[in-house]
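Novice: The file below is data.cif, mmCIF, N, CA and C atoms:
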data_structure
#
loop_
_atom_site.label_atom_id
_atom_site.label_comp_id
_atom_site.auth_asym_id
_atom_site.auth_seq_id
_atom_site.Cartn_x
_atom_site.Cartn_y
_atom_site.Cartn_z
N SER A 1 30.19 157.95 -15.98
CA SER A 1 31.13 156.85 -16.11
C SER A 1 32.39 157.35 -16.79
N ASN A 2 33.50 156.83 -16.36
CA ASN A 2 34.78 157.18 -16.98
C ASN A 2 35.08 156.34 -18.22
N TYR A 3 34.21 155.41 -18.53
CA TYR A 3 34.44 154.51 -19.65
C TYR A 3 33.98 155.08 -20.99
N PHE A 4 33.04 156.03 -20.95
CA PHE A 4 32.44 156.54 -22.17
C PHE A 4 32.34 158.06 -22.14
N LYS A 5 32.50 158.67 -23.30
CA LYS A 5 32.30 160.10 -23.43
C LYS A 5 30.80 160.39 -23.42
N HIS A 6 30.45 161.64 -23.25
CA HIS A 6 29.04 162.04 -23.23
C HIS A 6 28.34 161.61 -24.53
N GLY A 7 27.26 160.84 -24.40
CA GLY A 7 26.49 160.40 -25.55
C GLY A 7 27.04 159.19 -26.28
N GLU A 8 28.24 158.78 -25.93
CA GLU A 8 28.89 157.69 -26.65
C GLU A 8 28.19 156.35 -26.39
N PHE A 9 27.82 156.09 -25.16
CA PHE A 9 27.19 154.81 -24.83
C PHE A 9 25.88 154.64 -25.58
N ALA A 10 25.10 155.70 -25.67
CA ALA A 10 23.83 155.66 -26.40
C ALA A 10 24.08 155.31 -27.87
N ARG A 11 25.07 155.93 -28.46
CA ARG A 11 25.41 155.65 -29.86
C ARG A 11 25.84 154.20 -30.03
N LEU A 12 26.60 153.69 -29.07
CA LEU A 12 27.06 152.31 -29.16
C LEU A 12 25.91 151.31 -29.04
N CYS A 13 24.90 151.64 -28.23
CA CYS A 13 23.71 150.78 -28.14
C CYS A 13 23.02 150.69 -29.49
N LEU A 14 22.81 151.83 -30.11
CA LEU A 14 22.17 151.84 -31.44
C LEU A 14 23.04 151.15 -32.49
N ASP A 15 24.34 151.31 -32.38
CA ASP A 15 25.24 150.64 -33.32
C ASP A 15 25.08 149.12 -33.25
N GLN A 16 24.94 148.60 -32.04
CA GLN A 16 24.75 147.15 -31.89
C GLN A 16 23.44 146.70 -32.52
N LEU A 17 22.38 147.50 -32.37
CA LEU A 17 21.10 147.15 -32.98
C LEU A 17 21.19 147.24 -34.51
N ARG A 18 21.96 148.20 -35.02
CA ARG A 18 22.16 148.29 -36.48
C ARG A 18 22.88 147.06 -37.01
N LYS A 19 23.91 146.64 -36.29
CA LYS A 19 24.69 145.47 -36.70
C LYS A 19 23.82 144.21 -36.72
N ALA A 20 22.83 144.16 -35.86
CA ALA A 20 21.95 142.99 -35.77
C ALA A 20 21.02 142.89 -36.97
N ASP A 21 20.89 143.98 -37.73
CA ASP A 21 20.11 144.00 -38.97
C ASP A 21 18.67 143.51 -38.77
N GLY A 22 18.02 144.04 -37.75
CA GLY A 22 16.62 143.73 -37.50
C GLY A 22 16.37 142.60 -36.53
N LYS A 23 17.40 141.82 -36.22
CA LYS A 23 17.25 140.72 -35.26
C LYS A 23 17.22 141.31 -33.84
N PRO A 24 16.22 140.97 -33.05
CA PRO A 24 16.16 141.48 -31.67
C PRO A 24 17.34 140.97 -30.83
N LEU A 25 17.86 141.84 -30.00
CA LEU A 25 18.96 141.51 -29.09
C LEU A 25 18.53 141.74 -27.66
N SER A 26 19.03 140.93 -26.76
CA SER A 26 18.77 141.14 -25.34
C SER A 26 19.69 142.26 -24.83
N THR A 27 19.35 142.80 -23.69
CA THR A 27 20.19 143.82 -23.07
C THR A 27 21.58 143.24 -22.82
N SER A 28 21.63 142.02 -22.37
CA SER A 28 22.90 141.36 -22.09
C SER A 28 23.76 141.24 -23.35
N GLU A 29 23.15 140.89 -24.46
CA GLU A 29 23.89 140.79 -25.72
C GLU A 29 24.45 142.14 -26.14
N ILE A 30 23.65 143.18 -25.98
CA ILE A 30 24.09 144.53 -26.35
C ILE A 30 25.27 144.96 -25.48
N VAL A 31 25.11 144.80 -24.18
CA VAL A 31 26.15 145.24 -23.23
C VAL A 31 27.43 144.42 -23.41
N THR A 32 27.30 143.12 -23.58
CA THR A 32 28.48 142.27 -23.77
C THR A 32 29.24 142.66 -25.04
N ALA A 33 28.52 142.92 -26.11
CA ALA A 33 29.16 143.32 -27.37
C ALA A 33 29.90 144.65 -27.22
N ILE A 34 29.26 145.61 -26.54
CA ILE A 34 29.91 146.91 -26.32
C ILE A 34 31.16 146.73 -25.48
N ALA A 35 31.06 145.96 -24.40
CA ALA A 35 32.22 145.74 -23.52
C ALA A 35 33.35 145.06 -24.28
N ASN A 36 33.01 144.04 -25.07
CA ASN A 36 34.05 143.34 -25.84
C ASN A 36 34.70 144.26 -26.87
N ASP A 37 33.89 145.06 -27.56
CA ASP A 37 34.43 145.99 -28.55
C ASP A 37 35.38 147.01 -27.93
N ARG A 38 35.08 147.40 -26.69
CA ARG A 38 35.89 148.41 -26.01
C ARG A 38 36.99 147.81 -25.15
N GLY A 39 37.04 146.49 -25.05
CA GLY A 39 38.07 145.85 -24.23
C GLY A 39 37.81 146.00 -22.75
N LEU A 40 36.54 146.16 -22.37
CA LEU A 40 36.18 146.32 -20.97
C LEU A 40 35.98 144.95 -20.33
N PRO A 41 36.22 144.84 -19.04
CA PRO A 41 36.10 143.54 -18.36
C PRO A 41 34.65 143.12 -18.17
N VAL A 42 34.15 142.24 -19.03
CA VAL A 42 32.76 141.80 -18.92
C VAL A 42 32.52 140.97 -17.67
N GLU A 43 33.59 140.47 -17.05
CA GLU A 43 33.43 139.69 -15.83
C GLU A 43 33.21 140.57 -14.60
N SER A 44 33.39 141.88 -14.75
CA SER A 44 33.14 142.81 -13.64
C SER A 44 31.63 143.01 -13.49
N ARG A 45 31.06 142.40 -12.46
CA ARG A 45 29.61 142.45 -12.25
C ARG A 45 29.13 143.89 -12.08
N ALA A 46 29.86 144.70 -11.33
CA ALA A 46 29.45 146.08 -11.11
C ALA A 46 29.39 146.86 -12.42
N LEU A 47 30.40 146.70 -13.25
CA LEU A 47 30.43 147.38 -14.54
C LEU A 47 29.31 146.87 -15.44
N PHE A 48 29.11 145.56 -15.47
CA PHE A 48 28.08 144.98 -16.30
C PHE A 48 26.69 145.48 -15.89
N LEU A 49 26.43 145.54 -14.59
CA LEU A 49 25.13 146.03 -14.11
C LEU A 49 24.94 147.51 -14.40
N MET A 50 25.99 148.30 -14.25
CA MET A 50 25.90 149.73 -14.56
C MET A 50 25.58 149.93 -16.03
N MET A 51 26.28 149.19 -16.89
CA MET A 51 26.04 149.33 -18.32
C MET A 51 24.64 148.82 -18.69
N SER A 52 24.19 147.75 -18.07
CA SER A 52 22.86 147.21 -18.34
C SER A 52 21.78 148.21 -17.95
N ASP A 53 21.93 148.82 -16.78
CA ASP A 53 20.96 149.82 -16.33
C ASP A 53 20.91 151.01 -17.28
N ARG A 54 22.06 151.46 -17.71
CA ARG A 54 22.10 152.58 -18.66
C ARG A 54 21.49 152.20 -19.99
N ALA A 55 21.77 150.99 -20.45
CA ALA A 55 21.23 150.54 -21.73
C ALA A 55 19.71 150.46 -21.67
N VAL A 56 19.18 149.87 -20.62
CA VAL A 56 17.72 149.75 -20.49
C VAL A 56 17.07 151.12 -20.45
N GLY A 57 17.62 152.04 -19.67
CA GLY A 57 17.07 153.39 -19.60
C GLY A 57 17.08 154.08 -20.95
N TYR A 58 18.20 153.98 -21.65
CA TYR A 58 18.30 154.61 -22.96
C TYR A 58 17.35 153.96 -23.96
N LEU A 59 17.31 152.64 -23.99
CA LEU A 59 16.47 151.94 -24.96
C LEU A 59 14.98 152.18 -24.70
N ARG A 60 14.59 152.27 -23.44
CA ARG A 60 13.19 152.60 -23.12
C ARG A 60 12.82 153.97 -23.68
N GLU A 61 13.74 154.91 -23.55
CA GLU A 61 13.49 156.25 -24.09
C GLU A 61 13.35 156.20 -25.61
N GLN A 62 14.15 155.38 -26.26
CA GLN A 62 14.08 155.26 -27.71
C GLN A 62 12.79 154.56 -28.16
N VAL A 63 12.25 153.69 -27.32
CA VAL A 63 10.95 153.07 -27.61
C VAL A 63 9.89 154.16 -27.64
N LYS A 64 9.92 155.06 -26.65
CA LYS A 64 8.96 156.17 -26.59
C LYS A 64 9.06 157.06 -27.82
N ARG A 65 10.25 157.21 -28.36
CA ARG A 65 10.48 158.07 -29.54
C ARG A 65 10.23 157.34 -30.85
N GLY A 66 9.95 156.04 -30.77
CA GLY A 66 9.65 155.27 -31.98
C GLY A 66 10.86 154.79 -32.74
N ARG A 67 12.04 154.88 -32.15
CA ARG A 67 13.27 154.46 -32.83
C ARG A 67 13.63 153.00 -32.58
N VAL A 68 13.12 152.47 -31.46
CA VAL A 68 13.44 151.10 -31.06
C VAL A 68 12.14 150.40 -30.72
N VAL A 69 12.11 149.09 -30.97
CA VAL A 69 10.95 148.26 -30.64
C VAL A 69 11.36 147.31 -29.53
N LYS A 70 10.49 147.15 -28.54
CA LYS A 70 10.74 146.28 -27.40
C LYS A 70 9.89 145.03 -27.54
N PHE A 71 10.51 143.87 -27.30
CA PHE A 71 9.81 142.59 -27.33
C PHE A 71 9.98 141.94 -25.96
N GLY A 72 8.90 141.44 -25.38
CA GLY A 72 8.98 140.72 -24.11
C GLY A 72 9.01 141.65 -22.92
N HIS A 73 9.17 141.03 -21.76
CA HIS A 73 9.16 141.76 -20.49
C HIS A 73 10.25 141.24 -19.57
N SER A 74 10.60 142.05 -18.62
CA SER A 74 11.53 141.71 -17.55
C SER A 74 12.86 141.21 -18.12
N HIS A 75 13.33 140.07 -17.66
CA HIS A 75 14.65 139.58 -18.06
C HIS A 75 14.66 138.97 -19.46
N LYS A 76 13.49 138.81 -20.05
CA LYS A 76 13.41 138.25 -21.40
C LYS A 76 13.23 139.34 -22.45
N THR A 77 13.38 140.58 -22.07
CA THR A 77 13.21 141.70 -23.00
C THR A 77 14.28 141.65 -24.09
N GLN A 78 13.84 141.93 -25.30
CA GLN A 78 14.76 142.08 -26.42
C GLN A 78 14.43 143.39 -27.13
N TRP A 79 15.41 143.92 -27.82
CA TRP A 79 15.30 145.22 -28.47
C TRP A 79 15.71 145.10 -29.93
N ALA A 80 15.10 145.90 -30.78
CA ALA A 80 15.47 145.97 -32.20
C ALA A 80 15.20 147.37 -32.69
N LEU A 81 15.89 147.76 -33.75
CA LEU A 81 15.59 149.05 -34.38
C LEU A 81 14.19 149.00 -34.94
N ALA A 82 13.51 150.12 -34.91
CA ALA A 82 12.19 150.20 -35.52
C ALA A 82 12.33 149.92 -37.00
N PRO A 83 11.34 149.24 -37.60
CA PRO A 83 11.43 148.90 -39.04
C PRO A 83 11.70 150.11 -39.93
N SER A 84 11.22 151.27 -39.54
CA SER A 84 11.44 152.47 -40.37
C SER A 84 12.91 152.90 -40.40
N LEU A 85 13.73 152.39 -39.47
CA LEU A 85 15.14 152.77 -39.42
C LEU A 85 16.07 151.72 -40.03
N LEU A 86 15.52 150.62 -40.48
CA LEU A 86 16.37 149.56 -41.05
C LEU A 86 16.76 149.90 -42.48
#
Translate the structure described by the file into structure tokens.
Specialist:
Amino acid sequence: SNYFKHGEFARLCLDQLRKADGKPLSTSEIVTAIANDRGLPVESRALFLMMSDRAVGYLREQVKRGRVVKFGHSHKTQWALAPSLL
């Protein structure tokens, strides 16, 4: 993507979870916050879907590493930092 430098999007996902201070966030909330912070057009469906797919892939990997906790399934999934990282 031309919107983010290498590794930047992953850092921004974690930054949003840190800001939430333990409160679980949906993928949509994470992506919308990142887009708003960067001044990206959240109304662009293609961009929103691309960012959502990347966020889900990254967050799933962080669940495997024990850094993120996943709550729920499918479209109701929410994410939070693992308690050990708060």
Novice: Once the PyMOL selection byres (((chain A and resi 17 and name CA) around 12) and name CA) is applied to the coordinates I shared, what remains selected? I want it as a CSV table (one decimal) with N, CA and C atoms, in the coordinates of the input.
Specialist:
chain,number,residue,atom,x,y,z
A,10,ALA,N,25.1,155.7,-25.7
A,10,ALA,CA,23.8,155.7,-26.4
A,10,ALA,C,24.1,155.3,-27.9
A,11,ARG,N,25.1,155.9,-28.5
A,11,ARG,CA,25.4,155.6,-29.9
A,11,ARG,C,25.8,154.2,-30.0
A,12,LEU,N,26.6,153.7,-29.1
A,12,LEU,CA,27.1,152.3,-29.2
A,12,LEU,C,25.9,151.3,-29.0
A,13,CYS,N,24.9,151.6,-28.2
A,13,CYS,CA,23.7,150.8,-28.1
A,13,CYS,C,23.0,150.7,-29.5
A,14,LEU,N,22.8,151.8,-30.1
A,14,LEU,CA,22.2,151.8,-31.4
A,14,LEU,C,23.0,151.2,-32.5
A,15,ASP,N,24.3,151.3,-32.4
A,15,ASP,CA,25.2,150.6,-33.3
A,15,ASP,C,25.1,149.1,-33.2
A,16,GLN,N,24.9,148.6,-32.0
A,16,GLN,CA,24.8,147.2,-31.9
A,16,GLN,C,23.4,146.7,-32.5
A,18,ARG,N,22.0,148.2,-35.0
A,18,ARG,CA,22.2,148.3,-36.5
A,18,ARG,C,22.9,147.1,-37.0
A,19,LYS,N,23.9,146.6,-36.3
A,19,LYS,CA,24.7,145.5,-36.7
A,19,LYS,C,23.8,144.2,-36.7
A,20,ALA,N,22.8,144.2,-35.9
A,20,ALA,CA,22.0,143.0,-35.8
A,20,ALA,C,21.0,142.9,-37.0
A,21,ASP,N,20.9,144.0,-37.7
A,21,ASP,CA,20.1,144.0,-39.0
A,21,ASP,C,18.7,143.5,-38.8
A,22,GLY,N,18.0,144.0,-37.8
A,22,GLY,CA,16.6,143.7,-37.5
A,22,GLY,C,16.4,142.6,-36.5
A,23,LYS,N,17.4,141.8,-36.2
A,23,LYS,CA,17.2,140.7,-35.3
A,23,LYS,C,17.2,141.3,-33.8
A,24,PRO,N,16.2,141.0,-33.0
A,24,PRO,CA,16.2,141.5,-31.7
A,24,PRO,C,17.3,141.0,-30.8
A,25,LEU,N,17.9,141.8,-30.0
A,25,LEU,CA,19.0,141.5,-29.1
A,25,LEU,C,18.5,141.7,-27.7
A,26,SER,N,19.0,140.9,-26.8
A,26,SER,CA,18.8,141.1,-25.3
A,26,SER,C,19.7,142.3,-24.8
A,27,THR,N,19.4,142.8,-23.7
A,27,THR,CA,20.2,143.8,-23.1
A,27,THR,C,21.6,143.2,-22.8
A,29,GLU,N,23.2,140.9,-24.5
A,29,GLU,CA,23.9,140.8,-25.7
A,29,GLU,C,24.4,142.1,-26.1
A,30,ILE,N,23.6,143.2,-26.0
A,30,ILE,CA,24.1,144.5,-26.4
A,30,ILE,C,25.3,145.0,-25.5
A,31,VAL,N,25.1,144.8,-24.2
A,31,VAL,CA,26.2,145.2,-23.2
A,31,VAL,C,27.4,144.4,-23.4
A,33,ALA,N,28.5,142.9,-26.1
A,33,ALA,CA,29.2,143.3,-27.4
A,33,ALA,C,29.9,144.6,-27.2
A,34,ILE,N,29.3,145.6,-26.5
A,34,ILE,CA,29.9,146.9,-26.3
A,34,ILE,C,31.2,146.7,-25.5
A,55,ALA,N,21.8,151.0,-20.4
A,55,ALA,CA,21.2,150.5,-21.7
A,55,ALA,C,19.7,150.5,-21.7
A,59,LEU,N,17.3,152.6,-24.0
A,59,LEU,CA,16.5,151.9,-25.0
A,59,LEU,C,15.0,152.2,-24.7
A,62,GLN,N,14.2,155.4,-26.3
A,62,GLN,CA,14.1,155.3,-27.7
A,62,GLN,C,12.8,154.6,-28.2
A,67,ARG,N,12.0,154.9,-32.2
A,67,ARG,CA,13.3,154.5,-32.8
A,67,ARG,C,13.6,153.0,-32.6
A,68,VAL,N,13.1,152.5,-31.5
A,68,VAL,CA,13.4,151.1,-31.1
A,68,VAL,C,12.1,150.4,-30.7
A,69,VAL,N,12.1,149.1,-31.0
A,69,VAL,CA,11.0,148.3,-30.6
A,69,VAL,C,11.4,147.3,-29.5
A,70,LYS,N,10.5,147.2,-28.5
A,70,LYS,CA,10.7,146.3,-27.4
A,70,LYS,C,9.9,145.0,-27.5
A,78,GLN,N,13.8,141.9,-25.3
A,78,GLN,CA,14.8,142.1,-26.4
A,78,GLN,C,14.4,143.4,-27.1
A,79,TRP,N,15.4,143.9,-27.8
A,79,TRP,CA,15.3,145.2,-28.5
A,79,TRP,C,15.7,145.1,-29.9
A,80,ALA,N,15.1,145.9,-30.8
A,80,ALA,CA,15.5,146.0,-32.2
A,80,ALA,C,15.2,147.4,-32.7
A,81,LEU,N,15.9,147.8,-33.8
A,81,LEU,CA,15.6,149.0,-34.4
A,81,LEU,C,14.2,149.0,-34.9
A,82,ALA,N,13.5,150.1,-34.9
A,82,ALA,CA,12.2,150.2,-35.5
A,82,ALA,C,12.3,149.9,-37.0
A,83,PRO,N,11.3,149.2,-37.6
A,83,PRO,CA,11.4,148.9,-39.0
A,83,PRO,C,11.7,150.1,-39.9
A,85,LEU,N,13.7,152.4,-39.5
A,85,LEU,CA,15.1,152.8,-39.4
A,85,LEU,C,16.1,151.7,-40.0
A,86,LEU,N,15.5,150.6,-40.5
A,86,LEU,CA,16.4,149.6,-41.0
A,86,LEU,C,16.8,149.9,-42.5
Novice: Quick one: of A:Thr32, A:Glu43, A:Met51, A:Asp37, who's nearest to Asn2 (chain A), counting only C-alpha atoms?
Specialist: A:Met51
Novice: Go through chain A and collect every residue that DSSP, computed from the backbone, puts in helix (DSSP H, G or I); the answer should be as a CSV table (one decimal) with N, CA and C atoms, in the frame of the given file.
Specialist:
chain,number,residue,atom,x,y,z
A,8,GLU,N,28.2,158.8,-25.9
A,8,GLU,CA,28.9,157.7,-26.6
A,8,GLU,C,28.2,156.4,-26.4
A,9,PHE,N,27.8,156.1,-25.2
A,9,PHE,CA,27.2,154.8,-24.8
A,9,PHE,C,25.9,154.6,-25.6
A,10,ALA,N,25.1,155.7,-25.7
A,10,ALA,CA,23.8,155.7,-26.4
A,10,ALA,C,24.1,155.3,-27.9
A,11,ARG,N,25.1,155.9,-28.5
A,11,ARG,CA,25.4,155.6,-29.9
A,11,ARG,C,25.8,154.2,-30.0
A,12,LEU,N,26.6,153.7,-29.1
A,12,LEU,CA,27.1,152.3,-29.2
A,12,LEU,C,25.9,151.3,-29.0
A,13,CYS,N,24.9,151.6,-28.2
A,13,CYS,CA,23.7,150.8,-28.1
A,13,CYS,C,23.0,150.7,-29.5
A,14,LEU,N,22.8,151.8,-30.1
A,14,LEU,CA,22.2,151.8,-31.4
A,14,LEU,C,23.0,151.2,-32.5
A,15,ASP,N,24.3,151.3,-32.4
A,15,ASP,CA,25.2,150.6,-33.3
A,15,ASP,C,25.1,149.1,-33.2
A,16,GLN,N,24.9,148.6,-32.0
A,16,GLN,CA,24.8,147.2,-31.9
A,16,GLN,C,23.4,146.7,-32.5
A,17,LEU,N,22.4,147.5,-32.4
A,17,LEU,CA,21.1,147.2,-33.0
A,17,LEU,C,21.2,147.2,-34.5
A,18,ARG,N,22.0,148.2,-35.0
A,18,ARG,CA,22.2,148.3,-36.5
A,18,ARG,C,22.9,147.1,-37.0
A,19,LYS,N,23.9,146.6,-36.3
A,19,LYS,CA,24.7,145.5,-36.7
A,19,LYS,C,23.8,144.2,-36.7
A,27,THR,N,19.4,142.8,-23.7
A,27,THR,CA,20.2,143.8,-23.1
A,27,THR,C,21.6,143.2,-22.8
A,28,SER,N,21.6,142.0,-22.4
A,28,SER,CA,22.9,141.4,-22.1
A,28,SER,C,23.8,141.2,-23.4
A,29,GLU,N,23.2,140.9,-24.5
A,29,GLU,CA,23.9,140.8,-25.7
A,29,GLU,C,24.4,142.1,-26.1
A,30,ILE,N,23.6,143.2,-26.0
A,30,ILE,CA,24.1,144.5,-26.4
A,30,ILE,C,25.3,145.0,-25.5
A,31,VAL,N,25.1,144.8,-24.2
A,31,VAL,CA,26.2,145.2,-23.2
A,31,VAL,C,27.4,144.4,-23.4
A,32,THR,N,27.3,143.1,-23.6
A,32,THR,CA,28.5,142.3,-23.8
A,32,THR,C,29.2,142.7,-25.0
A,33,ALA,N,28.5,142.9,-26.1
A,33,ALA,CA,29.2,143.3,-27.4
A,33,ALA,C,29.9,144.6,-27.2
A,34,ILE,N,29.3,145.6,-26.5
A,34,ILE,CA,29.9,146.9,-26.3
A,34,ILE,C,31.2,146.7,-25.5
A,35,ALA,N,31.1,146.0,-24.4
A,35,ALA,CA,32.2,145.7,-23.5
A,35,ALA,C,33.4,145.1,-24.3
A,36,ASN,N,33.0,144.0,-25.1
A,36,ASN,CA,34.0,143.3,-25.8
A,36,ASN,C,34.7,144.3,-26.9
A,37,ASP,N,33.9,145.1,-27.6
A,37,ASP,CA,34.4,146.0,-28.6
A,37,ASP,C,35.4,147.0,-27.9
A,38,ARG,N,35.1,147.4,-26.7
A,38,ARG,CA,35.9,148.4,-26.0
A,38,ARG,C,37.0,147.8,-25.2
A,45,ARG,N,31.1,142.4,-12.5
A,45,ARG,CA,29.6,142.4,-12.2
A,45,ARG,C,29.1,143.9,-12.1
A,46,ALA,N,29.9,144.7,-11.3
A,46,ALA,CA,29.4,146.1,-11.1
A,46,ALA,C,29.4,146.9,-12.4
A,47,LEU,N,30.4,146.7,-13.2
A,47,LEU,CA,30.4,147.4,-14.5
A,47,LEU,C,29.3,146.9,-15.4
A,48,PHE,N,29.1,145.6,-15.5
A,48,PHE,CA,28.1,145.0,-16.3
A,48,PHE,C,26.7,145.5,-15.9
A,49,LEU,N,26.4,145.5,-14.6
A,49,LEU,CA,25.1,146.0,-14.1
A,49,LEU,C,24.9,147.5,-14.4
A,50,MET,N,26.0,148.3,-14.2
A,50,MET,CA,25.9,149.7,-14.6
A,50,MET,C,25.6,149.9,-16.0
A,51,MET,N,26.3,149.2,-16.9
A,51,MET,CA,26.0,149.3,-18.3
A,51,MET,C,24.6,148.8,-18.7
A,52,SER,N,24.2,147.8,-18.1
A,52,SER,CA,22.9,147.2,-18.3
A,52,SER,C,21.8,148.2,-18.0
A,53,ASP,N,21.9,148.8,-16.8
A,53,ASP,CA,21.0,149.8,-16.3
A,53,ASP,C,20.9,151.0,-17.3
A,54,ARG,N,22.1,151.5,-17.7
A,54,ARG,CA,22.1,152.6,-18.7
A,54,ARG,C,21.5,152.2,-20.0
A,55,ALA,N,21.8,151.0,-20.4
A,55,ALA,CA,21.2,150.5,-21.7
A,55,ALA,C,19.7,150.5,-21.7
A,56,VAL,N,19.2,149.9,-20.6
A,56,VAL,CA,17.7,149.8,-20.5
A,56,VAL,C,17.1,151.1,-20.4
A,57,GLY,N,17.6,152.0,-19.7
A,57,GLY,CA,17.1,153.4,-19.6
A,57,GLY,C,17.1,154.1,-21.0
A,58,TYR,N,18.2,154.0,-21.6
A,58,TYR,CA,18.3,154.6,-23.0
A,58,TYR,C,17.4,154.0,-24.0
A,59,LEU,N,17.3,152.6,-24.0
A,59,LEU,CA,16.5,151.9,-25.0
A,59,LEU,C,15.0,152.2,-24.7
A,60,ARG,N,14.6,152.3,-23.4
A,60,ARG,CA,13.2,152.6,-23.1
A,60,ARG,C,12.8,154.0,-23.7
A,61,GLU,N,13.7,154.9,-23.6
A,61,GLU,CA,13.5,156.2,-24.1
A,61,GLU,C,13.4,156.2,-25.6
A,62,GLN,N,14.2,155.4,-26.3
A,62,GLN,CA,14.1,155.3,-27.7
A,62,GLN,C,12.8,154.6,-28.2
A,63,VAL,N,12.2,153.7,-27.3
A,63,VAL,CA,11.0,153.1,-27.6
A,63,VAL,C,9.9,154.2,-27.6
A,64,LYS,N,9.9,155.1,-26.6
A,64,LYS,CA,9.0,156.2,-26.6
A,64,LYS,C,9.1,157.1,-27.8
A,74,SER,N,10.6,142.0,-18.6
A,74,SER,CA,11.5,141.7,-17.6
A,74,SER,C,12.9,141.2,-18.1
A,75,HIS,N,13.3,140.1,-17.7
A,75,HIS,CA,14.6,139.6,-18.1
A,75,HIS,C,14.7,139.0,-19.5
A,76,LYS,N,13.5,138.8,-20.0
A,76,LYS,CA,13.4,138.2,-21.4
A,76,LYS,C,13.2,139.3,-22.4
A,83,PRO,N,11.3,149.2,-37.6
A,83,PRO,CA,11.4,148.9,-39.0
A,83,PRO,C,11.7,150.1,-39.9
A,84,SER,N,11.2,151.3,-39.5
A,84,SER,CA,11.4,152.5,-40.4
A,84,SER,C,12.9,152.9,-40.4
A,85,LEU,N,13.7,152.4,-39.5
A,85,LEU,CA,15.1,152.8,-39.4
A,85,LEU,C,16.1,151.7,-40.0
Novice: Would you compute the distance between atom N of Met50 (chain A) and atom C of Phe9 (chain A)? Give it in Å to one decimal.
Specialist: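 For atom N of Met50 (chain A) relative to atom C of Phe9 (chain A), the distance reads 13.0 Å.
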Novice: Would you compute the distance between atom C of Thr77 (chain A) and CA of Ser52 (chain A)? Give it in Å to one decimal.
Specialist: 11.7 Å
Novice: Between atom N of His6 (chain A) and CA of Leu40 (chain A), measure the distance and give it in Å to one decimal.
Specialist: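 Interatomic distance, atom N of His6 (chain A) to CA of Leu40 (chain A): 16.5 Å.
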Novice: I need the residue nearest Arg38 (chain A) from this list: A:Tyr58, A:Ser84, A:His73, A:Phe4. Use only C-alpha atoms for the distance.
Specialist: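 Closest to Arg38 (chain A) of all the choices is A:Phe4.
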Novice: Put a box with edges along x, y and z around all the listed atoms of region 14-33 of chain A, pad it by 4 Å on each side, then give me its centre and sizes in Å, one decimal, as lines of an AutoDock Vina configuration file.
Specialist:
center_x = 23.0
center_y = 146.3
center_z = -30.5
size_x = 21.7
size_y = 19.1
size_z = 24.9
Novice: Write out as a count of residues only all residues of chain A that backbone DSSP assigns to strand (DSSP E).
Specialist: 10
